[in-house]
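Okay, query_30.cif now, which holds mmCIF, C-alpha atoms:
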data_entry
#
loop_
_atom_site.label_atom_id
_atom_site.label_comp_id
_atom_site.auth_asym_id
_atom_site.auth_seq_id
_atom_site.Cartn_x
_atom_site.Cartn_y
_atom_site.Cartn_z
CA MET L 1 20.88 -66.04 36.54
CA ARG L 2 17.29 -65.99 37.72
CA ASP L 3 18.26 -67.45 41.11
CA VAL L 4 20.92 -64.76 41.58
CA THR L 5 18.33 -62.06 40.91
CA ILE L 6 15.84 -63.61 43.33
CA VAL L 7 18.44 -64.03 46.07
CA LYS L 8 19.56 -60.43 45.57
CA ARG L 9 15.97 -59.25 46.03
CA TYR L 10 15.73 -60.93 49.43
CA ALA L 11 19.02 -59.31 50.44
CA GLU L 12 17.96 -55.90 49.13
CA ALA L 13 14.65 -56.03 50.98
CA LEU L 14 16.35 -57.03 54.22
CA PHE L 15 19.02 -54.35 53.72
CA GLU L 16 16.36 -51.68 53.23
CA VAL L 17 14.53 -52.73 56.39
CA ALA L 18 17.80 -52.88 58.34
CA GLU L 19 18.78 -49.41 57.13
CA ASN L 20 15.41 -47.96 58.09
CA ARG L 21 15.75 -49.45 61.57
CA ASP L 22 19.46 -48.60 61.85
CA ILE L 23 20.49 -52.22 62.48
CA VAL L 24 22.52 -52.96 59.33
CA GLU L 25 25.64 -54.07 61.21
CA THR L 26 23.61 -56.30 63.53
CA VAL L 27 21.76 -57.92 60.63
CA ARG L 28 25.02 -58.41 58.72
CA ALA L 29 26.54 -60.25 61.69
CA GLU L 30 23.41 -62.37 62.19
CA LEU L 31 23.28 -63.31 58.50
CA HIS L 32 26.94 -64.29 58.68
CA THR L 33 26.05 -66.60 61.58
CA ALA L 34 23.11 -68.05 59.63
CA LYS L 35 25.44 -68.62 56.66
CA GLN L 36 27.93 -70.46 58.90
CA VAL L 37 25.15 -72.66 60.29
CA ALA L 38 23.84 -73.42 56.79
CA GLN L 39 27.30 -74.30 55.52
CA ASN L 40 28.56 -76.24 58.53
CA ASP L 41 25.48 -78.01 59.90
CA ALA L 42 24.17 -80.40 57.26
CA ALA L 43 21.50 -81.74 59.65
CA PHE L 44 20.04 -78.24 60.04
CA LEU L 45 19.52 -77.77 56.29
CA ARG L 46 18.42 -81.38 55.83
CA PHE L 47 15.70 -80.87 58.47
CA LEU L 48 14.54 -77.61 56.90
CA SER L 49 14.52 -79.17 53.42
CA GLU L 50 12.68 -82.36 54.40
CA PRO L 51 9.25 -82.33 52.68
CA LYS L 52 7.69 -84.73 55.25
CA ILE L 53 8.26 -82.25 58.11
CA GLY L 54 5.62 -79.57 58.49
CA LEU L 55 6.37 -75.88 58.02
CA ASP L 56 5.35 -75.15 61.61
CA LYS L 57 8.11 -77.41 62.98
CA LYS L 58 10.65 -75.93 60.59
CA LYS L 59 9.70 -72.38 61.54
CA ALA L 60 9.88 -73.34 65.22
CA LEU L 61 13.44 -74.56 64.64
CA ILE L 62 14.35 -71.22 63.03
CA GLU L 63 12.74 -69.34 65.94
CA THR L 64 14.62 -71.31 68.59
CA SER L 65 17.93 -71.48 66.69
CA PHE L 66 18.00 -67.73 66.06
CA ALA L 67 16.04 -66.56 69.12
CA ALA L 68 18.84 -64.23 70.21
CA GLY L 69 18.83 -62.56 66.80
CA SER L 70 16.63 -59.92 65.25
CA ILE L 71 13.08 -60.56 64.11
CA GLU L 72 14.09 -59.24 60.68
CA VAL L 73 16.58 -62.05 60.11
CA ARG L 74 14.24 -64.72 61.51
CA ASN L 75 11.43 -63.48 59.25
CA THR L 76 13.74 -63.49 56.23
CA LEU L 77 14.77 -67.07 56.97
CA LYS L 78 11.10 -68.04 57.28
CA LEU L 79 10.35 -66.32 53.95
CA LEU L 80 13.16 -68.30 52.33
CA LEU L 81 11.69 -71.44 53.87
CA ASP L 82 8.19 -70.63 52.57
CA ALA L 83 9.58 -70.02 49.07
CA GLY L 84 11.55 -73.29 49.07
CA ARG L 85 14.84 -71.37 48.99
CA ILE L 86 16.21 -72.13 52.45
CA SER L 87 19.43 -73.49 50.89
CA SER L 88 20.05 -69.95 49.56
CA ILE L 89 20.98 -68.60 53.01
CA PRO L 90 24.71 -68.29 52.11
CA GLN L 91 23.93 -66.44 48.88
CA VAL L 92 21.57 -64.02 50.65
CA ALA L 93 24.24 -63.38 53.30
CA ASP L 94 26.86 -62.78 50.60
CA ALA L 95 24.60 -60.38 48.68
CA PHE L 96 23.83 -58.51 51.91
CA GLN L 97 27.58 -58.32 52.69
CA THR L 98 28.24 -56.89 49.22
CA MET L 99 25.62 -54.17 49.78
CA PHE L 100 27.05 -53.46 53.23
CA ASP L 101 30.58 -53.17 51.80
CA GLU L 102 29.38 -50.89 49.02
CA LYS L 103 27.67 -48.62 51.52
CA GLN L 104 30.80 -48.56 53.72
CA GLY L 105 33.17 -47.99 50.79
CA THR L 106 34.97 -51.25 51.48
CA ALA L 107 35.72 -54.40 49.51
CA GLN L 108 36.44 -57.98 50.55
CA ALA L 109 39.51 -59.59 48.98
CA THR L 110 40.72 -63.16 49.13
CA VAL L 111 44.48 -63.16 48.68
CA TYR L 112 46.16 -66.45 47.77
CA SER L 113 49.87 -66.68 48.52
CA VAL L 114 52.52 -69.36 48.96
CA ARG L 115 52.85 -68.50 52.65
CA GLU L 116 50.90 -66.53 55.23
CA LEU L 117 51.29 -62.80 54.60
CA SER L 118 52.77 -60.62 57.33
CA ASP L 119 50.73 -57.74 58.72
CA ALA L 120 52.84 -55.27 56.72
CA GLU L 121 52.28 -57.25 53.50
CA ARG L 122 48.53 -57.44 54.16
CA GLN L 123 48.47 -53.69 54.73
CA THR L 124 50.37 -53.03 51.48
CA VAL L 125 48.05 -55.26 49.45
CA ALA L 126 44.97 -53.68 51.09
CA GLU L 127 46.18 -50.12 50.40
CA THR L 128 47.18 -50.93 46.81
CA PHE L 129 43.81 -52.45 45.95
CA ALA L 130 41.84 -49.80 47.85
CA LYS L 131 43.46 -47.15 45.62
CA ARG L 132 43.00 -49.23 42.49
CA LEU L 133 39.29 -49.82 43.21
CA GLY L 134 38.53 -46.39 44.65
CA LYS L 135 37.51 -47.86 48.01
CA GLN L 136 38.25 -46.58 51.49
CA THR L 137 39.47 -49.96 52.68
CA VAL L 138 39.96 -53.50 51.46
CA SER L 139 39.57 -56.32 53.95
CA ILE L 140 42.04 -59.17 53.33
CA ASP L 141 41.33 -62.87 53.81
CA ASN L 142 44.67 -64.64 53.23
CA LYS L 143 44.65 -68.24 52.00
CA VAL L 144 47.85 -70.24 51.60
CA ASP L 145 48.21 -71.98 48.22
CA PRO L 146 51.66 -73.55 47.70
CA THR L 147 50.83 -74.40 44.06
CA LEU L 148 51.28 -70.71 43.13
CA LEU L 149 55.08 -71.08 43.46
CA GLY L 150 55.34 -67.37 44.32
CA GLY L 151 53.55 -64.06 43.85
CA LEU L 152 49.90 -63.41 44.67
CA LYS L 153 46.46 -64.10 43.33
CA VAL L 154 43.77 -61.68 44.53
CA ARG L 155 40.05 -62.22 44.14
CA ILE L 156 37.69 -59.30 44.70
CA GLY L 157 34.10 -60.07 43.80
CA ASN L 158 34.16 -61.78 40.41
CA THR L 159 37.52 -60.32 39.37
CA ILE L 160 40.83 -62.14 39.80
CA TYR L 161 44.18 -60.36 39.69
CA ASP L 162 46.81 -63.04 39.15
CA SER L 163 50.48 -62.13 39.49
CA SER L 164 51.53 -65.59 40.61
CA ILE L 165 54.62 -67.26 39.20
CA LYS L 166 52.45 -70.22 38.22
CA ASN L 167 50.29 -67.95 36.05
CA LYS L 168 53.36 -66.28 34.49
CA LEU L 169 54.87 -69.70 33.65
CA THR L 170 51.56 -70.81 32.12
CA ARG L 171 51.53 -67.68 29.90
CA ILE L 172 55.14 -68.27 28.84
CA GLU L 173 54.32 -71.89 28.01
CA ARG L 174 51.27 -70.81 26.00
CA ASN L 175 53.37 -68.29 24.06
CA LEU L 176 56.07 -70.89 23.34
CA VAL L 177 53.48 -73.37 22.08
CA ASN L 178 51.92 -70.70 19.84
CA VAL L 179 55.33 -69.68 18.45
CA SER L 180 56.29 -73.26 17.63
CA LYS L 181 53.10 -73.86 15.60
#
This entry written out as structure tokens:
Amino acid sequence: MRDVTIVKRYAEALFEVAENRDIVETVRAELHTAKQVAQNDAAFLRFLSEPKIGLDKKKALIETSFAAGSIEVRNTLKLLLDAGRISSIPQVADAFQTMFDEKQGTAQATVYSVRELSDAERQTVAETFAKRLGKQTVSIDNKVDPTLLGGLKVRIGNTIYDSSIKNKLTRIERNLVNVSK
């Protein structure tokens, strides 16, 4: 819990600076890139986490790797490095994205389905959940999961809406087991 609070503070501070300088969208995109690098380039994080390598060399790597980006993002990454929290880049990016979405009146949803949803189906799901959540829009990231058997499972933040056939069968099974006891 403490780590979540600390990570959120970094994101909040960066969000406040970005808002004051009217570069929130730019910073959001750059943090997304930093998150992708942290998640997909193990050598990058290994180098930055190596205690035998001096901070100057690590900061130089951040400067050169993100030279095209804003000073605000580079400085935030260096602050994370100084605090020994460089592996928290994805969490800071996610917290920043959540604040950005809140400000925009949008939500991010991961929709699990047996097959890829059509554009019309994506639109229907997005509109349904936008109304349900009181948001202007809901952005859909569709993931195919054949184990669902049918229906949908939608994750928005920490909430999961599960109308999959697999879930319904599990509930029926649970009820049958409870009845037979």
Expressed in Å to a single decimal, how great is the separation between CA of Gly134 in chain L and CA of Asn20 in chain L?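 A separation of 26.8 Å between them.
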Excluding same-chain residues fewer than 6 positions from Ser163 in chain L, what lies within 10 Å of it counting only C-alpha atoms, as a PyMOL selection string? chain L and resi 148+150-154
Identify, on the basis of all atoms listed in the file, every residue whose closest approach to range 35-48 of chain L does not exceed 6 Å; exclude the query and any residue fewer than 2 positions from it along the same chain; express the result as a list of chain:residue names. L:His32, L:Thr33, L:Glu50, L:Lys58, L:Ile89, L:Pro90
Interatomic distance, CA of Arg2 in chain L to CA of Ala34 in chain L (Å, one decimal):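 Between CA of Arg2 in chain L and CA of Ala34 in chain L the gap works out to 22.8 Å.
Evaluated on this file, the PyMOL selection byres ((chain L and resi 96) around 8) matches Lys8, Ala11, Glu12, Leu14, Phe15, Arg28, Val92, Ala93, Asp94, Ala95, Gln97, Thr98, Met99 and Phe100 of chain L.
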Just to be explicit: take each residue in the selection above, keep C-alpha atoms, and write the result as a tab-separated table (two decimals), in the frame of the given file.
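Once everything was written out, this is again-v3.tsv:
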chain	number	residue	atom	x	y	z
L	8	LYS	CA	19.56	-60.43	45.57
L	11	ALA	CA	19.02	-59.31	50.44
L	12	GLU	CA	17.96	-55.90	49.13
L	14	LEU	CA	16.35	-57.03	54.22
L	15	PHE	CA	19.02	-54.35	53.72
L	28	ARG	CA	25.02	-58.41	58.72
L	92	VAL	CA	21.57	-64.02	50.65
L	93	ALA	CA	24.24	-63.38	53.30
L	94	ASP	CA	26.86	-62.78	50.60
L	95	ALA	CA	24.60	-60.38	48.68
L	97	GLN	CA	27.58	-58.32	52.69
L	98	THR	CA	28.24	-56.89	49.22
L	99	MET	CA	25.62	-54.17	49.78
L	100	PHE	CA	27.05	-53.46	53.23
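Residues matched by the PyMOL selection byres ((chain L and resi 62) around 10) in this structure: Ala34, Phe44, Leu48, Asp56, Lys57, Lys58, Lys59, Ala60, Leu61, Glu63, Thr64, Ser65, Phe66, Ala67, Val73, Arg74, Asn75, Leu77, Lys78 and Leu81 of chain L.
Nearest to Asn142 in chain L of all the residues L:Ile165, L:Leu117, L:Ile156, L:Ala107 is L:Leu117, based on all atoms listed in the file.
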Which value, in Å to one decimal, gives the distance between CA of Ala68 in chain L and CA of Gly54 in chain L?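 Answer for the CA of Ala68 in chain L to CA of Gly54 in chain L separation: 23.4 Å.
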I'd like the residues picked by the PyMOL selection byres ((chain L and resi 157) around 8) written out as a ChimeraX atom specification, using the chain letters and numbers from the file. /L:108-109,155-156,158-159
Using all atoms listed in the file, find the one residue out of L:Lys103, L:Arg132, L:Lys166, L:Lys143 that sits nearest to Glu116 in chain L. L:Lys143
Please put the answer as lines of an AutoDock Vina configuration file: centre and edge lengths, in Å with one decimal, of a box along x, y and z that encloses all listed atoms of range 9-28 of chain L plus 4 Å on each side.
center_x = 20.1
center_y = -54.4
center_z = 54.8
size_x = 19.1
size_y = 21.0
size_z = 25.5
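Nearest residue to Val114 in chain L among L:Asp145, L:Val138, L:Thr128, L:Ala13 is L:Asp145, counting all atoms listed in the file.
In terms of minimum interatomic distance to Ser49 in chain L, L:Ser87 ranks closest within L:Thr110, L:Asn175, L:Asn167, L:Ser87, counting all atoms listed in the file.
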